[in-house]
Each structure stands twice: as structure tokens, then as C-alpha cells.
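Novice: As input, take upload.txt (compact mmCIF, C-alpha atoms):
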# COMPACT_ATOMS: atom_id res chain seq x y z
CA MET A 544 -4.87 -0.88 11.59
CA ASP A 545 -5.77 2.77 11.14
CA HIS A 546 -2.61 4.07 9.43
CA SER A 547 -3.93 7.63 9.24
CA MET A 548 -3.58 8.10 12.98
CA LYS A 549 -0.10 6.62 13.44
CA PRO A 550 2.62 9.03 14.66
CA CYS A 551 5.61 9.72 12.42
CA GLY A 552 8.36 8.86 14.89
CA ASN A 553 11.83 10.38 15.01
CA VAL A 554 12.25 11.45 11.40
CA SER A 555 14.05 14.56 10.19
CA PHE A 556 11.56 17.14 8.96
CA ALA A 557 11.09 20.82 8.17
CA THR A 558 8.01 22.82 9.13
CA ASP A 559 6.09 24.92 6.64
CA PRO A 560 5.04 27.97 8.69
CA LYS A 561 2.21 28.99 6.34
CA PHE A 562 0.35 25.68 6.35
CA LYS A 563 1.71 24.40 9.67
CA VAL A 564 2.69 21.03 8.21
CA ASP A 565 5.89 19.06 8.61
CA VAL A 566 7.77 17.97 5.49
CA LEU A 567 9.85 14.81 5.89
CA LYS A 568 13.43 15.34 4.72
CA ALA A 569 14.55 11.71 4.52
CA PRO A 570 13.11 8.26 3.78
CA SER A 571 10.88 6.89 6.52
CA SER A 572 8.94 3.74 7.33
CA ARG A 573 5.87 5.95 7.73
CA LEU A 574 3.15 5.08 5.20
CA CYS A 575 1.26 7.60 3.13
CA ASP A 576 -2.30 7.47 4.50
CA ILE A 577 -3.74 7.78 1.00
CA CYS A 578 -1.83 5.12 -0.98
CA LEU A 579 -0.51 3.08 2.02
CA LEU A 580 2.97 3.07 0.43
CA ASN A 581 6.13 4.62 1.86
CA HIS A 582 7.95 5.56 -1.34
CA TRP A 583 10.14 8.63 -0.69
CA ASP A 584 11.12 10.56 -3.78
CA PRO A 585 9.98 14.23 -3.72
CA VAL A 586 10.68 14.71 -7.44
CA ARG A 587 8.53 11.76 -8.47
CA TYR A 588 5.80 11.61 -5.84
CA GLY A 589 5.86 14.99 -4.14
CA GLU A 590 7.06 15.65 -0.63
CA LEU A 591 5.81 13.45 2.21
CA VAL A 592 3.94 15.86 4.48
CA VAL A 593 2.52 15.43 7.97
CA LYS A 594 -0.38 17.35 9.51
CA LYS A 595 -0.89 17.11 13.27
CA TRP A 596 -4.12 17.47 15.19
CA LYS A 597 -4.15 19.27 18.53
CA THR A 598 -4.91 15.90 20.08
CA GLY A 599 -1.55 14.60 18.89
CA ARG A 600 -2.87 12.41 16.08
CA THR A 601 -1.39 12.82 12.60
CA LEU A 602 -2.15 12.40 8.94
CA CYS A 603 0.73 11.74 6.53
CA CYS A 604 0.57 11.76 2.74
CA HIS A 605 2.53 12.24 -0.46
CA TYR A 606 1.74 15.72 -1.77
CA PHE A 607 1.06 14.39 -5.27
CA CYS A 608 -1.26 11.69 -3.88
CA LEU A 609 -3.21 14.54 -2.30
CA LEU A 610 -3.31 16.65 -5.47
CA SER A 611 -4.26 13.75 -7.74
CA GLY A 612 -6.75 11.95 -5.47
CA THR A 613 -9.92 11.56 -7.53
CA LEU A 614 -12.31 11.79 -4.58
CA ILE A 615 -10.56 14.57 -2.63
CA PRO A 616 -11.98 18.05 -3.32
CA GLN A 617 -9.83 21.13 -2.67
CA SER A 618 -12.51 23.17 -0.97
CA GLY A 619 -10.57 25.08 1.67
CA SER A 620 -8.94 28.50 1.63
CA ASP A 621 -5.30 28.88 0.62
CA THR A 622 -4.10 28.33 4.18
CA ALA A 623 -6.67 25.78 5.37
CA GLY A 624 -5.97 22.13 6.18
CA ILE A 625 -3.13 20.78 4.05
CA PHE A 626 -2.45 23.21 1.18
CA GLY A 627 -6.16 24.03 0.81
CA PHE A 628 -7.42 20.46 1.30
CA LEU A 629 -9.65 20.26 4.36
CA LEU A 630 -8.84 17.46 6.79
CA ARG A 631 -12.46 16.31 6.88
CA ASP A 632 -12.50 15.95 3.08
CA ILE A 633 -9.29 13.90 3.14
CA LEU A 634 -10.53 11.66 5.95
CA GLU A 635 -13.88 11.11 4.20
CA ALA A 636 -12.12 10.07 0.98
CA ILE A 637 -9.56 7.67 2.50
CA PRO A 638 -12.08 4.85 3.34
CA LYS A 639 -13.35 5.01 -0.26
CA PHE A 640 -9.82 4.41 -1.58
CA ARG A 641 -9.28 1.39 0.67
CA GLY A 642 -11.49 -0.83 -1.49
CA LYS A 643 -9.97 0.28 -4.80
CA ARG A 644 -7.36 -2.12 -6.20
CA CYS A 645 -4.45 -0.74 -8.24
CA SER A 646 -4.51 -1.91 -11.84
CA TYR A 647 -0.70 -2.09 -11.87
CA CYS A 648 0.44 -3.54 -8.52
CA ASN A 649 -2.87 -5.17 -7.50
CA ARG A 650 -2.69 -3.69 -4.00
CA LEU A 651 -5.56 -1.81 -2.37
CA SER A 652 -5.97 1.90 -1.61
CA ALA A 653 -5.64 3.12 -5.20
CA SER A 654 -6.66 6.79 -5.14
CA ILE A 655 -6.69 7.77 -8.83
CA GLN A 656 -9.25 6.88 -11.48
CA CYS A 657 -8.53 7.46 -15.16
CA LYS A 658 -10.54 10.43 -16.41
CA GLN A 659 -11.30 8.81 -19.77
CA GLY A 660 -15.00 8.03 -20.03
CA GLY A 661 -15.71 4.32 -19.73
CA CYS A 662 -12.31 3.53 -18.19
CA ASP A 663 -12.59 2.03 -14.71
CA ARG A 664 -8.85 1.75 -14.13
CA TRP A 665 -7.73 2.84 -10.63
CA TYR A 666 -4.09 3.12 -9.56
CA HIS A 667 -1.66 4.57 -7.03
CA TYR A 668 0.14 7.75 -8.07
CA SER A 669 3.54 6.05 -7.70
CA CYS A 670 2.42 3.07 -9.80
CA GLY A 671 1.02 5.41 -12.42
CA TYR A 672 4.33 7.27 -12.56
CA THR A 673 6.19 4.11 -13.51
CA ASN A 674 3.50 2.85 -15.89
CA TYR A 675 3.14 5.78 -18.32
CA CYS A 676 0.20 7.47 -16.53
CA VAL A 677 -0.06 11.22 -16.01
CA THR A 678 -1.79 13.79 -13.82
CA GLU A 679 -2.43 17.26 -15.23
CA PHE A 680 -1.31 19.70 -12.54
CA THR A 681 -3.71 22.39 -13.70
CA GLY A 682 -7.47 22.86 -13.98
CA GLN A 683 -9.27 19.95 -12.32
CA TYR A 684 -6.04 17.93 -11.95
CA ASP A 685 -7.37 15.15 -14.15
CA SER A 686 -5.40 11.90 -14.47
CA TYR A 687 -5.09 9.45 -17.35
CA CYS A 688 -3.90 5.86 -17.48
CA HIS A 689 -1.29 4.61 -19.96
CA GLU A 690 -3.94 3.70 -22.55
CA HIS A 691 -5.65 7.10 -22.59
CA LEU A 692 -2.89 9.71 -22.64
CA PRO A 693 -3.94 13.07 -24.17
CA GLU A 694 -2.60 14.01 -27.60
CA GLU A 695 0.13 16.30 -26.20
CA PHE A 696 2.10 13.17 -25.31
CA GLU A 697 2.94 12.35 -28.91
CA LEU A 698 6.73 12.42 -29.21
CA PRO A 699 8.71 13.83 -32.15
CA PRO A 700 11.32 11.59 -33.84
CA MET A 701 13.79 10.85 -31.03
CA GLU A 702 16.83 9.75 -33.00
CA GLY A 703 19.85 11.89 -32.09
CA ARG A 704 17.99 13.85 -29.39
CA ASN A 705 19.13 14.38 -25.83
CA CYS A 706 17.79 16.14 -22.75
CA ASN A 707 18.10 19.91 -23.17
CA ILE A 708 18.72 20.33 -19.43
CA CYS A 709 21.26 17.67 -18.45
CA PHE A 710 22.42 17.09 -22.06
CA GLU A 711 22.50 13.33 -21.54
CA ASP A 712 21.10 11.01 -24.20
CA PHE A 713 17.78 9.33 -23.64
CA ALA A 714 17.97 5.64 -22.85
CA PRO A 715 17.58 3.52 -26.00
CA PRO A 716 14.01 2.26 -26.40
CA SER A 717 15.14 -1.39 -26.89
CA ASP A 718 12.05 -3.39 -27.79
CA LYS A 719 9.64 -0.57 -26.88
CA GLU A 720 9.12 3.00 -27.96
CA HIS A 721 10.42 5.77 -25.72
CA ASN A 722 8.21 6.30 -22.68
CA PRO A 723 5.91 9.17 -23.77
CA VAL A 724 5.58 10.33 -20.14
CA ALA A 725 9.23 10.06 -19.07
CA ILE A 726 10.16 12.49 -21.87
CA VAL A 727 8.55 15.94 -21.86
CA VAL A 728 8.39 18.02 -25.04
CA SER A 729 8.26 21.81 -25.46
CA ASN A 730 7.33 23.62 -28.64
CA CYS A 731 6.14 27.02 -27.50
CA SER A 732 6.07 28.85 -30.84
CA ALA A 733 7.59 28.96 -34.31
CA GLU A 734 10.61 30.69 -32.76
CA CYS A 735 11.11 27.95 -30.16
CA PRO A 736 12.85 24.78 -31.36
CA VAL A 737 11.26 21.54 -30.24
CA GLY A 738 12.82 20.74 -26.87
CA THR A 739 12.99 17.39 -25.13
CA PHE A 740 13.64 16.91 -21.42
CA HIS A 741 13.87 14.06 -18.97
CA ARG A 742 10.72 14.33 -16.89
CA GLU A 743 12.71 14.40 -13.67
CA CYS A 744 15.11 17.07 -14.98
CA LEU A 745 12.20 19.36 -15.87
CA GLN A 746 10.42 18.65 -12.58
CA ARG A 747 13.58 19.54 -10.61
CA PHE A 748 13.88 22.71 -12.67
CA ALA A 749 10.24 23.56 -11.84
CA PHE A 750 10.80 22.94 -8.12
CA ASN A 751 13.69 25.40 -8.13
CA ALA A 752 12.17 27.98 -10.47
CA GLY A 753 8.71 28.31 -8.88
CA TYR A 754 7.12 31.54 -10.10
CA SER A 755 10.10 32.05 -12.43
CA PHE A 756 9.49 28.79 -14.32
CA ARG A 757 9.62 29.13 -18.09
CA CYS A 758 10.59 27.13 -21.16
CA PRO A 759 14.26 26.10 -20.78
CA ASN A 760 14.68 26.60 -24.54
CA CYS A 761 13.11 29.98 -25.32
CA PHE A 762 12.31 31.23 -21.79
CA ASP A 763 8.61 31.68 -22.63
CA PRO A 764 6.74 32.00 -19.27
CA ASN A 765 3.55 30.71 -20.90
CA TYR A 766 5.13 27.26 -21.18
CA LYS A 767 4.11 26.74 -17.54
CA HIS A 768 0.60 25.73 -18.64
CA ASP A 769 1.78 23.23 -21.25
CA ALA A 770 4.25 21.71 -18.80
CA ALA A 771 1.50 21.30 -16.20
CA LEU A 772 -0.65 19.47 -18.77
CA GLN A 773 2.24 17.07 -19.28
CA GLY A 774 2.45 16.24 -15.58
CA ILE A 775 4.99 18.81 -14.36
CA PHE A 776 4.12 20.41 -11.01
CA VAL A 777 5.20 24.05 -10.73
CA PRO A 778 5.08 25.22 -7.09
CA LYS A 779 3.69 28.62 -6.18
CA ARG A 780 6.78 30.02 -4.46
CA GLU A 781 9.78 32.17 -5.15
CA SER A 782 12.66 30.61 -7.06
CA SER A 783 15.51 28.97 -5.16
CA TRP A 784 17.94 31.65 -6.30
CA GLU A 785 15.68 34.36 -4.87
CA ARG A 786 15.35 32.46 -1.59
CA GLU A 787 19.14 32.05 -1.36
CA ALA A 788 20.51 34.40 1.28
CA GLY A 789 22.57 37.17 -0.32
CA ALA A 790 21.85 35.96 -3.84
CA PHE A 791 21.57 39.53 -5.11
CA LYS A 792 24.14 41.28 -2.97
CA ASP A 793 26.20 41.89 -6.12
CA LEU A 794 23.49 44.24 -7.39
CA HIS A 795 24.16 46.52 -4.45
CA LYS A 796 27.93 46.25 -4.61
CA ARG A 797 27.81 46.86 -8.36
CA ARG A 798 31.01 44.97 -9.02
CA CYS A 799 31.97 42.39 -11.59
CA THR A 800 31.71 38.98 -9.95
CA ALA A 801 34.28 37.22 -12.17
CA LYS A 802 37.05 35.55 -10.17
CA GLU A 803 39.62 37.17 -12.44
CA CYS A 804 38.03 40.42 -13.58
CA THR A 805 39.88 42.03 -16.46
CA ARG A 806 38.69 45.49 -15.42
CA ARG A 807 39.49 45.44 -11.70
CA GLY A 808 35.94 44.47 -10.70
CA THR A 809 34.51 47.99 -10.67
CA TYR A 810 31.14 49.19 -11.90
CA ASN A 811 30.50 52.80 -12.90
CA GLU A 812 28.52 54.86 -15.39
CA LYS A 813 31.17 54.42 -18.08
CA SER A 814 31.32 50.65 -17.72
CA VAL A 815 27.56 49.93 -17.53
CA ALA A 816 27.35 49.14 -21.24
CA THR A 817 30.13 46.57 -20.89
CA MET A 818 28.37 44.52 -18.19
CA VAL A 819 25.73 41.82 -18.31
CA GLY A 820 23.63 40.06 -15.67
CA CYS A 821 22.79 36.36 -15.45
CA LYS A 822 20.03 35.60 -17.96
CA VAL A 823 18.20 33.49 -15.36
CA CYS A 824 18.22 35.62 -12.20
CA GLY A 825 19.48 38.94 -13.57
CA GLY A 826 22.12 39.18 -10.85
CA MET A 827 25.82 38.31 -10.49
CA LEU A 828 26.90 41.14 -12.77
CA MET A 829 29.94 40.53 -14.93
CA HIS A 830 31.77 42.38 -17.65
CA LYS A 831 30.87 40.90 -21.02
CA VAL A 832 34.49 40.16 -21.71
CA CYS A 833 34.82 38.41 -18.34
CA THR A 834 32.13 35.88 -19.26
CA GLU A 835 34.51 34.53 -21.90
CA LEU A 836 31.48 33.69 -24.04
CA ALA A 837 31.05 34.35 -27.75
CA ASP A 838 27.56 35.60 -26.91
CA PRO A 839 27.61 37.25 -23.44
CA THR A 840 23.79 37.37 -23.39
CA GLU A 841 23.90 33.59 -22.81
CA TYR A 842 25.78 34.06 -19.53
CA VAL A 843 24.35 32.06 -16.60
CA CYS A 844 25.87 32.65 -13.17
CA ALA A 845 27.43 29.79 -11.20
CA LEU A 846 24.61 29.76 -8.64
CA CYS A 847 21.82 29.44 -11.21
CA PHE A 848 23.76 26.96 -13.33
CA ASP A 849 24.42 24.79 -10.30
CA GLU A 850 20.91 25.07 -8.85
CA THR A 851 19.01 24.82 -12.12
CA PHE A 852 20.96 22.45 -14.28
CA ILE A 853 23.10 20.22 -12.08
CA ARG A 854 22.04 19.79 -8.44
CA LEU A 855 18.47 20.93 -9.06
CA LEU A 856 17.34 19.68 -5.66
Do you think you could lay out the structure here as C-alpha cells?

Specialist:
Amino acid sequence: MDHSMKPCGNVSFATDPKFKVDVLKAPSSRLCDICLLNHWDPVRYGELVVKKWKTGRTLCCHYFCLLSGTLIPQSGSDTAGIFGFLLRDILEAIPKFRGKRCSYCNRLSASIQCKQGGCDRWYHYSCGYTNYCVTEFTGQYDSYCHEHLPEEFELPPMEGRNCNICFEDFAPPSDKEHNPVAIVVSNCSAECPVGTFHRECLQRFAFNAGYSFRCPNCFDPNYKHDAALQGIFVPKRESSWEREAGAFKDLHKRRCTAKECTRRGTYNEKSVATMVGCKVCGGMLMHKVCTELADPTEYVCALCFDETFIRLL
């Protein structure tokens, strides 16, 4: 059966107006035409996207399967095909994947080959995710199997550490060491303490932050490159808090946004020195005293705290 031409059916989706692709918003029985699996988890595998031909035929794939596919070149313009991948290139690569057997699940249509010279291991992106493999979401988007991870995946001593985003402890390693891919490390400079994050926490943060993504510890914007090398995909779009309707209306009202403002909620020339904006988005002004924080510069507004550190998606 030619899965690549099968319609998607009645599944909830959103349409990306720039690339004219549909993004599935819920699990579906529809298979990814690259890996022939129907896993639905946008944080782990990228969104499941559908591109329609004028003839009514469709092609459906996990976004990360598309980005990581070893034999799929990104040769189109920014708005061509599916996110710069030409349909003809995708369709030419798919038959080549069909004969590749995944080293982890033993099923066919494995689309990723380990970049390490001499390694002939092929695997599905989803299988690689759960078996300590990684794709570098920068440069040539090279991928490495569990035996050939680059040196940046060496973990610091993990005893007593927790995730610096959700603050939950990492699962005990039991009879194995901590998964060097499931835990992402940041160490931007001498001024930045070594940070450790659940991979999914940092990926959710990246999805929300977009262009505003930076180290959650020291807020260094250059951390974007290191995170991409460790398998974190940072989308090229505005942050969720900038896309939120009315997110910055407080900047125009110039009023303290605290529910119980101690200074009657006003903003004027005399009070400007007593106010502080959210350190993430810069908005949601509040009097320093109203933050009720020992260090008001650490104030994060409710919207950013909720979007970035709790709900995340």
C-alpha cells in the first residue's frame, strides 16, 4: 500500500498559512509517510504535518523525521514545499527508506543513518529518541546512534541535582547510568552555573520561546547553538508570550499589574524607579514592592511563568 498518498481523514488540525500545511492537533491513525509509524507527541517527534497536492493526494510526516532524514536534502526556498523541503526530494527519498531496517525495533522504513564513519546503523527518529540517539538541529542536522554520541553528552556528577525548569528530581539510574540524552546540560560561561534539564522540559521551553530562547540559568542567547547540538529544536518564530493577544497591553496602560497594588496601581514619572518588568518578556509592569520578592529583578510575570515553566505546551 502506498501510505504517502492516503488521505488524513477527519482529524482536528490547524493550517500554517506561510507553508500551506496542516498540523494535526490530536493523535491520529494516520501514518507518517517517512517512518510508517503513527506516534503523536509533538515535543518528542515534532508535529505531524500534512501537505496536500492540488489533485487531492497528501503527504504526512513527523516534522523531526523530515528534518533528520539522512537522504532528504533541504534544497527549496524558505516557503517551498514543506518548510523548505521540496516534495519531489521527499518522494524520491521515501522508497530508499523502505528497505532500511531499524536497528532498535527491527521494522522497515528507518530514515536516519548514524553519522559516525563506519557505522551502518539505521533507525527511526522515534526509536532513536528512546534509545539514547540524537539529532543535531543545526548545521547539516547530523544524527548519532547511542554508541557514537558526541562529547558534549558527557554528564556532570548527578547526585543531588534536579531539573532547573520543573525542579523535579531526575529518576534514579537504577542499574544504569542516567540517560545522557534525556538530560541536557548547560554551562555557557564561567559565570553560568552548570544547569541540568529534562530534555522534554527544555524542548517545551524552546517551543514557547522561539527567537527569545536562551539559557534558562544565565539567559545567554548564545546557548541556542549548544542546545541545538544536544538535540533541542528551537523554532524560528516569535515567542508564545509575544503571540498572546494583549500580552503587552500593560505597557500602554502603564499601571502596576499586581492584584493588590500597594501604590494604587498608577505609573508616573516619580514612580518609574520603583517599578520592574518581567525578566522574561519585559512586560506586566509591577512595583518592586508588589512583587514581594527579596530580589525584584527576578520577577517573572504569571503569563511567562505559566507558559514557560509549567504548561509549556

Novice: With distances taken over all atoms listed in the file, which of A:Pro570, A:Lys779, A:Asp663, A:Ile708 is nearest to A:Pro759?

Specialist: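 Closest candidate: A:Ile708.
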
Novice: Fewer than 3 positions away in the same chain doesn't count, so skip those; otherwise give me all residues within 7 Å of A:Ile775, counting all atoms listed in the file, as a list in words.

Specialist: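 The neighbour list is Phe680, Gln746, Ala770 and Ala771 of chain A.
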
Novice: Please, what distance in Å, to one decimal, runs between atom CA of A:Leu629 and atom CA of A:Ala569?

Specialist: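 For atom CA of A:Leu629 relative to atom CA of A:Ala569, the distance reads 25.7 Å.
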
Novice: Neighbouring residues of A:Cys670 were defined as those with any atom within 12 Å, considering only C-alpha atoms; residues of the same chain fewer than 6 positions away were excluded. Please report them as a PDB file with C-alpha atoms, in the frame of the given file.

Specialist:
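Result saved to selection.pdb:
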ATOM      1  CA  CYS A 578      -1.830   5.120  -0.980  1.00  0.00           C
ATOM      2  CA  LEU A 580       2.970   3.070   0.430  1.00  0.00           C
ATOM      3  CA  HIS A 582       7.950   5.560  -1.340  1.00  0.00           C
ATOM      4  CA  ARG A 587       8.530  11.760  -8.470  1.00  0.00           C
ATOM      5  CA  TYR A 588       5.800  11.610  -5.840  1.00  0.00           C
ATOM      6  CA  CYS A 608      -1.260  11.690  -3.880  1.00  0.00           C
ATOM      7  CA  ARG A 644      -7.360  -2.120  -6.200  1.00  0.00           C
ATOM      8  CA  CYS A 645      -4.450  -0.740  -8.240  1.00  0.00           C
ATOM      9  CA  SER A 646      -4.510  -1.910 -11.840  1.00  0.00           C
ATOM     10  CA  TYR A 647      -0.700  -2.090 -11.870  1.00  0.00           C
ATOM     11  CA  CYS A 648       0.440  -3.540  -8.520  1.00  0.00           C
ATOM     12  CA  ASN A 649      -2.870  -5.170  -7.500  1.00  0.00           C
ATOM     13  CA  ARG A 650      -2.690  -3.690  -4.000  1.00  0.00           C
ATOM     14  CA  LEU A 651      -5.560  -1.810  -2.370  1.00  0.00           C
ATOM     15  CA  SER A 652      -5.970   1.900  -1.610  1.00  0.00           C
ATOM     16  CA  ALA A 653      -5.640   3.120  -5.200  1.00  0.00           C
ATOM     17  CA  SER A 654      -6.660   6.790  -5.140  1.00  0.00           C
ATOM     18  CA  ILE A 655      -6.690   7.770  -8.830  1.00  0.00           C
ATOM     19  CA  CYS A 676       0.200   7.470 -16.530  1.00  0.00           C
ATOM     20  CA  VAL A 677      -0.060  11.220 -16.010  1.00  0.00           C
ATOM     21  CA  CYS A 688      -3.900   5.860 -17.480  1.00  0.00           C
ATOM     22  CA  HIS A 689      -1.290   4.610 -19.960  1.00  0.00           C
TER      23      HIS A 689
END

Novice: What is the atom CA of A:His741-atom CA of A:His667 distance in Å, reported with one decimal?

Specialist: 21.8 Å

Novice: In Å, how far is it from atom CA of A:Pro616 to atom CA of A:Asp685?

Specialist: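 Computing it gives 12.1 Å between the two atoms.
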
Novice: Counting all atoms listed in the file, which of A:Ala636, A:Val819, A:Val586, A:Leu828 gets nearest to A:Val777?

Specialist: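 Under the stated criterion, the closest residue is A:Val586.
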
Novice: Which residues are close to stretch 762-768 of chain A, i.e. within 8 Å by all atoms listed in the file, leaving aside same-chain residues fewer than 5 positions away? Reply as a PyMOL selection string.

Specialist: chain A and resi 681+729+731+755-757+777

Novice: Please check which residues have atoms at most 12 Å from (6.1, 12.9, -31.9) in the file's coordinates, counting all atoms listed in the file, and write them as a PyMOL selection string.

Specialist: chain A and resi 694-702+720-723+726-730+737-739

Novice: For the residues in that selection, give me C-alpha atoms as a PDB file, keeping the file's coordinate frame.

Specialist:
ATOM      1  CA  GLU A 694      -2.600  14.010 -27.600  1.00  0.00           C
ATOM      2  CA  GLU A 695       0.130  16.300 -26.200  1.00  0.00           C
ATOM      3  CA  PHE A 696       2.100  13.170 -25.310  1.00  0.00           C
ATOM      4  CA  GLU A 697       2.940  12.350 -28.910  1.00  0.00           C
ATOM      5  CA  LEU A 698       6.730  12.420 -29.210  1.00  0.00           C
ATOM      6  CA  PRO A 699       8.710  13.830 -32.150  1.00  0.00           C
ATOM      7  CA  PRO A 700      11.320  11.590 -33.840  1.00  0.00           C
ATOM      8  CA  MET A 701      13.790  10.850 -31.030  1.00  0.00           C
ATOM      9  CA  GLU A 702      16.830   9.750 -33.000  1.00  0.00           C
ATOM     10  CA  GLU A 720       9.120   3.000 -27.960  1.00  0.00           C
ATOM     11  CA  HIS A 721      10.420   5.770 -25.720  1.00  0.00           C
ATOM     12  CA  ASN A 722       8.210   6.300 -22.680  1.00  0.00           C
ATOM     13  CA  PRO A 723       5.910   9.170 -23.770  1.00  0.00           C
ATOM     14  CA  ILE A 726      10.160  12.490 -21.870  1.00  0.00           C
ATOM     15  CA  VAL A 727       8.550  15.940 -21.860  1.00  0.00           C
ATOM     16  CA  VAL A 728       8.390  18.020 -25.040  1.00  0.00           C
ATOM     17  CA  SER A 729       8.260  21.810 -25.460  1.00  0.00           C
ATOM     18  CA  ASN A 730       7.330  23.620 -28.640  1.00  0.00           C
ATOM     19  CA  VAL A 737      11.260  21.540 -30.240  1.00  0.00           C
ATOM     20  CA  GLY A 738      12.820  20.740 -26.870  1.00  0.00           C
ATOM     21  CA  THR A 739      12.990  17.390 -25.130  1.00  0.00           C
TER      22      THR A 739
END

Novice: Skip A:Gly753 itself and residues of its chain fewer than 4 positions away, then list as a list in words all residues within 7 Å of it, counting only C-alpha atoms.

Specialist: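 Once the nearby chain positions are removed, what remains is Ala749, Val777, Pro778, Lys779, Arg780, Glu781 and Ser782 of chain A.
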